[in-house]
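*Asks:* Have a look at the structure that comes next, please.
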Amino acid sequence: MVNSRVEAPTVAVMGGGGGAVGRMCAGCGGRIVDRFLLFSMERYWHTRCLKCSCCHAQLGEYSSTCYSKGGMILCKNDYIRLFGHSGACSSCGQSIPASEMVMRAQGNVYHLKCFTCATCRNRLVPGDRFHYVNGTIFCEHDRPGGGLLSGHPPPLQNNSMLSDQKVC
């Protein structure tokens, strides 16, 4: 589950010179006296210090856009690799705002309200056991072939036991 806000700010390259006196770098904490400095995410950076948290590419040189999510600063490629191309819910097909929390299963992304059991329609929350079968989500009690019906315990005469699996 992703539970943080994403921002896609533009990296502004600014002339440092004498105008940067007293500005501190958000990356290294040092004073910025370089000819150029970067302004991104409401903070100032040395050009060498604004880097992708994953690949360490210098974002002032690599791209004019950086992304922030989950406490990480990311280049576009790593943002897409970690959080996916699609901004659409795999259940309803509607777009998912970047600031919204989501549930994920087998590479698919869902609105919290859409991450429900296909049989009983109960919403599943982080920590719930569920099964993902042919693109369909089932709660632990309603898994196909599981011997359980709509969350009710099996009848006493039913002794069929299946191994319990957690598919995420």
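By convention in this document, the chains of the structure tokens carry letters A, B, ... by their order, each chain's residues are numbered from 1, and ligands are numbered from 1 in the order they are shown.
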Using the chain letters and numbers from this document, which residues of region 33-158 of chain A does DSSP assign to helix (DSSP H, G or I), as a PyMOL selection string?
*Replies:* chain A and resi 59-62+76-83+112-114
*Asks:* Using only C-alpha atoms, tabulate the residues of region 29-99 of chain A lying at most 12 Å from any atom of region 111-129 of chain A, each with its closest atom pair and that distance in Å to one decimal, by chain and increasing residue number, as a tab-separated table.
*Replies:*
residue	atom	partner	partner_atom	distance
A:Gly87	CA	A:His111	CA	10.2
A:Ala88	CA	A:His111	CA	8.8
A:Cys89	CA	A:His111	CA	6.0
A:Ser90	CA	A:His111	CA	8.4
A:Ser91	CA	A:Cys114	CA	6.2
A:Cys92	CA	A:Cys114	CA	7.1
A:Gly93	CA	A:His111	CA	9.7
A:Gln94	CA	A:His111	CA	8.9
A:Ser95	CA	A:His111	CA	9.0
A:Ile96	CA	A:His111	CA	6.9
A:Pro97	CA	A:His111	CA	9.6
A:Ala98	CA	A:His111	CA	11.2
A:Ser99	CA	A:His111	CA	11.5
*Asks:* Mind running region 90-118 of chain A against region 65-83 of chain A at 12 Å and telling me each contacting residue's nearest atom pair with the distance in Å (one decimal), counting only C-alpha atoms, chain and number ascending, as CSV?
*Replies:*
residue,atom,partner,partner_atom,distance
A:Ala98,CA,A:Lys69,CA,9.4
A:Ser99,CA,A:Lys69,CA,9.3
A:Glu100,CA,A:Lys69,CA,11.6
A:Met101,CA,A:Gly70,CA,11.3
A:Val102,CA,A:Phe83,CA,10.6
A:Met103,CA,A:Phe83,CA,11.6
A:Arg104,CA,A:Phe83,CA,10.0
A:Gly107,CA,A:Phe83,CA,9.6
A:Asn108,CA,A:Phe83,CA,10.3
A:Val109,CA,A:Phe83,CA,9.2
*Asks:* Which one is closest to Arg143 (chain A): A:Tyr44, A:Tyr110, A:Phe36, A:Phe130? Count only C-alpha atoms.
*Replies:*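 Using only C-alpha atoms, the shortest distance to Arg143 (chain A) belongs to A:Phe130.
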*Asks:* Would you kindly return, as an MDAnalysis selection string, each protein, DNA or RNA residue with an atom no farther than 12 Å from any atom of Gln58 (chain A), considering only C-alpha atoms and excluding same-chain residues fewer than 4 positions away?
*Replies:* chainID A and resid 11 27 38 45:54 62:66 73:75
*Asks:* Restricting it to N, CA and C atoms, dump the selection as an mmCIF file, in the first residue's frame.
*Replies:*
data_model
loop_
_atom_site.group_PDB
_atom_site.id
_atom_site.type_symbol
_atom_site.label_atom_id
_atom_site.label_comp_id
_atom_site.auth_asym_id
_atom_site.auth_seq_id
_atom_site.Cartn_x
_atom_site.Cartn_y
_atom_site.Cartn_z
ATOM 1 N N VAL A 11 12.169 21.293 -11.629
ATOM 2 C CA VAL A 11 13.434 21.704 -11.031
ATOM 3 C C VAL A 11 13.827 23.013 -11.684
ATOM 4 N N GLY A 27 20.240 18.730 0.477
ATOM 5 C CA GLY A 27 20.882 17.418 0.355
ATOM 6 C C GLY A 27 22.020 17.200 1.323
ATOM 7 N N LEU A 38 19.811 24.608 -7.533
ATOM 8 C CA LEU A 38 18.502 24.099 -7.935
ATOM 9 C C LEU A 38 17.478 24.427 -6.860
ATOM 10 N N TRP A 45 19.082 23.263 -3.508
ATOM 11 C CA TRP A 45 20.007 22.133 -3.627
ATOM 12 C C TRP A 45 21.243 22.548 -4.426
ATOM 13 N N HIS A 46 22.407 21.999 -4.066
ATOM 14 C CA HIS A 46 23.550 22.056 -4.979
ATOM 15 C C HIS A 46 23.158 21.224 -6.202
ATOM 16 N N THR A 47 23.684 21.558 -7.363
ATOM 17 C CA THR A 47 23.362 20.759 -8.549
ATOM 18 C C THR A 47 23.824 19.312 -8.378
ATOM 19 N N ARG A 48 24.878 19.094 -7.623
ATOM 20 C CA ARG A 48 25.384 17.735 -7.420
ATOM 21 C C ARG A 48 24.601 16.948 -6.355
ATOM 22 N N CYS A 49 23.765 17.633 -5.565
ATOM 23 C CA CYS A 49 23.097 16.983 -4.428
ATOM 24 C C CYS A 49 21.664 16.529 -4.712
ATOM 25 N N LEU A 50 20.993 17.088 -5.710
ATOM 26 C CA LEU A 50 19.630 16.656 -6.013
ATOM 27 C C LEU A 50 19.733 15.408 -6.878
ATOM 28 N N LYS A 51 19.574 14.258 -6.223
ATOM 29 C CA LYS A 51 19.779 12.974 -6.894
ATOM 30 C C LYS A 51 18.584 12.061 -6.674
ATOM 31 N N CYS A 52 18.386 11.161 -7.615
ATOM 32 C CA CYS A 52 17.363 10.128 -7.488
ATOM 33 C C CYS A 52 17.752 9.193 -6.348
ATOM 34 N N SER A 53 16.803 8.885 -5.487
ATOM 35 C CA SER A 53 17.064 7.998 -4.351
ATOM 36 C C SER A 53 17.409 6.573 -4.789
ATOM 37 N N CYS A 54 17.012 6.188 -5.992
ATOM 38 C CA CYS A 54 17.277 4.820 -6.452
ATOM 39 C C CYS A 54 18.550 4.709 -7.288
ATOM 40 N N TYR A 62 19.931 15.351 -15.466
ATOM 41 C CA TYR A 62 19.222 14.244 -16.116
ATOM 42 C C TYR A 62 17.857 14.662 -16.636
ATOM 43 N N SER A 63 17.151 15.469 -15.885
ATOM 44 C CA SER A 63 15.773 15.772 -16.234
ATOM 45 C C SER A 63 15.358 17.085 -15.600
ATOM 46 N N SER A 64 14.321 17.705 -16.142
ATOM 47 C CA SER A 64 13.838 18.934 -15.529
ATOM 48 C C SER A 64 12.686 18.656 -14.571
ATOM 49 N N THR A 65 12.350 17.393 -14.384
ATOM 50 C CA THR A 65 11.271 17.014 -13.482
ATOM 51 C C THR A 65 11.768 15.939 -12.534
ATOM 52 N N CYS A 66 11.350 16.054 -11.277
ATOM 53 C CA CYS A 66 11.636 14.983 -10.333
ATOM 54 C C CYS A 66 10.345 14.673 -9.597
ATOM 55 N N ILE A 73 13.134 10.882 -3.403
ATOM 56 C CA ILE A 73 13.179 11.765 -4.563
ATOM 57 C C ILE A 73 13.554 10.864 -5.728
ATOM 58 N N LEU A 74 12.757 10.892 -6.785
ATOM 59 C CA LEU A 74 12.931 9.935 -7.874
ATOM 60 C C LEU A 74 12.986 10.600 -9.234
ATOM 61 N N CYS A 75 13.762 10.004 -10.136
ATOM 62 C CA CYS A 75 13.713 10.389 -11.540
ATOM 63 C C CYS A 75 12.459 9.750 -12.140
#
*Asks:* Using only C-alpha atoms, can you tell me which of A:Gly145, A:Glu61, A:Phe39, A:Thr136 comes closest to Met24 (chain A)?
*Replies:*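 Under the stated criterion, the closest residue is A:Phe39.
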*Asks:* Can you tell me how far CA of His56 (chain A) sits from CA of Gln106 (chain A), in Å to one decimal?
*Replies:*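 A separation of 27.7 Å between them.
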*Asks:* Among region 37-76 of chain A, which ones does DSSP assign to strand (DSSP E) (computed from the backbone)? Answer as an mmCIF file with N, CA, C and O atoms, in the first residue's frame.
*Replies:*
data_model
loop_
_atom_site.group_PDB
_atom_site.id
_atom_site.type_symbol
_atom_site.label_atom_id
_atom_site.label_comp_id
_atom_site.auth_asym_id
_atom_site.auth_seq_id
_atom_site.Cartn_x
_atom_site.Cartn_y
_atom_site.Cartn_z
ATOM 1 N N LEU A 37 22.367 26.857 -8.678
ATOM 2 C CA LEU A 37 21.745 26.040 -7.644
ATOM 3 C C LEU A 37 20.388 25.605 -8.160
ATOM 4 O O LEU A 37 19.875 26.131 -9.142
ATOM 5 N N LEU A 38 19.811 24.608 -7.533
ATOM 6 C CA LEU A 38 18.502 24.099 -7.935
ATOM 7 C C LEU A 38 17.478 24.427 -6.860
ATOM 8 O O LEU A 38 17.796 24.434 -5.671
ATOM 9 N N PHE A 39 16.263 24.683 -7.284
ATOM 10 C CA PHE A 39 15.162 24.895 -6.358
ATOM 11 C C PHE A 39 14.099 23.881 -6.721
ATOM 12 O O PHE A 39 13.539 23.890 -7.809
ATOM 13 N N SER A 40 13.839 22.952 -5.804
ATOM 14 C CA SER A 40 12.857 21.908 -6.048
ATOM 15 C C SER A 40 12.239 21.498 -4.725
ATOM 16 O O SER A 40 12.931 21.432 -3.707
ATOM 17 N N ARG A 43 12.758 23.642 -1.632
ATOM 18 C CA ARG A 43 14.070 23.682 -0.987
ATOM 19 C C ARG A 43 15.145 23.945 -2.030
ATOM 20 O O ARG A 43 14.952 23.695 -3.217
ATOM 21 N N TYR A 44 16.295 24.404 -1.572
ATOM 22 C CA TYR A 44 17.439 24.673 -2.446
ATOM 23 C C TYR A 44 18.414 23.501 -2.378
ATOM 24 O O TYR A 44 18.567 22.860 -1.340
ATOM 25 N N TRP A 45 19.082 23.263 -3.508
ATOM 26 C CA TRP A 45 20.007 22.133 -3.627
ATOM 27 C C TRP A 45 21.243 22.548 -4.426
ATOM 28 O O TRP A 45 21.136 23.325 -5.373
ATOM 29 N N HIS A 46 22.407 21.999 -4.066
ATOM 30 C CA HIS A 46 23.550 22.056 -4.979
ATOM 31 C C HIS A 46 23.158 21.224 -6.202
ATOM 32 O O HIS A 46 22.409 20.250 -6.069
ATOM 33 N N TYR A 67 10.296 13.534 -8.961
ATOM 34 C CA TYR A 67 9.106 13.066 -8.275
ATOM 35 C C TYR A 67 9.459 12.780 -6.830
ATOM 36 O O TYR A 67 10.573 12.355 -6.532
ATOM 37 N N SER A 68 8.497 12.984 -5.949
ATOM 38 C CA SER A 68 8.695 12.702 -4.533
ATOM 39 C C SER A 68 7.553 11.825 -4.063
ATOM 40 O O SER A 68 6.386 12.180 -4.228
ATOM 41 N N LYS A 69 7.895 10.681 -3.504
ATOM 42 C CA LYS A 69 6.871 9.783 -2.980
ATOM 43 C C LYS A 69 7.513 8.881 -1.930
ATOM 44 O O LYS A 69 8.600 8.377 -2.121
ATOM 45 N N MET A 72 11.066 9.524 -0.813
ATOM 46 C CA MET A 72 12.135 9.386 -1.799
ATOM 47 C C MET A 72 12.008 10.471 -2.855
ATOM 48 O O MET A 72 10.912 10.911 -3.186
ATOM 49 N N ILE A 73 13.134 10.882 -3.403
ATOM 50 C CA ILE A 73 13.179 11.765 -4.563
ATOM 51 C C ILE A 73 13.554 10.864 -5.728
ATOM 52 O O ILE A 73 14.552 10.130 -5.658
ATOM 53 N N LEU A 74 12.757 10.892 -6.785
ATOM 54 C CA LEU A 74 12.931 9.935 -7.874
ATOM 55 C C LEU A 74 12.986 10.600 -9.234
ATOM 56 O O LEU A 74 12.297 11.596 -9.475
#
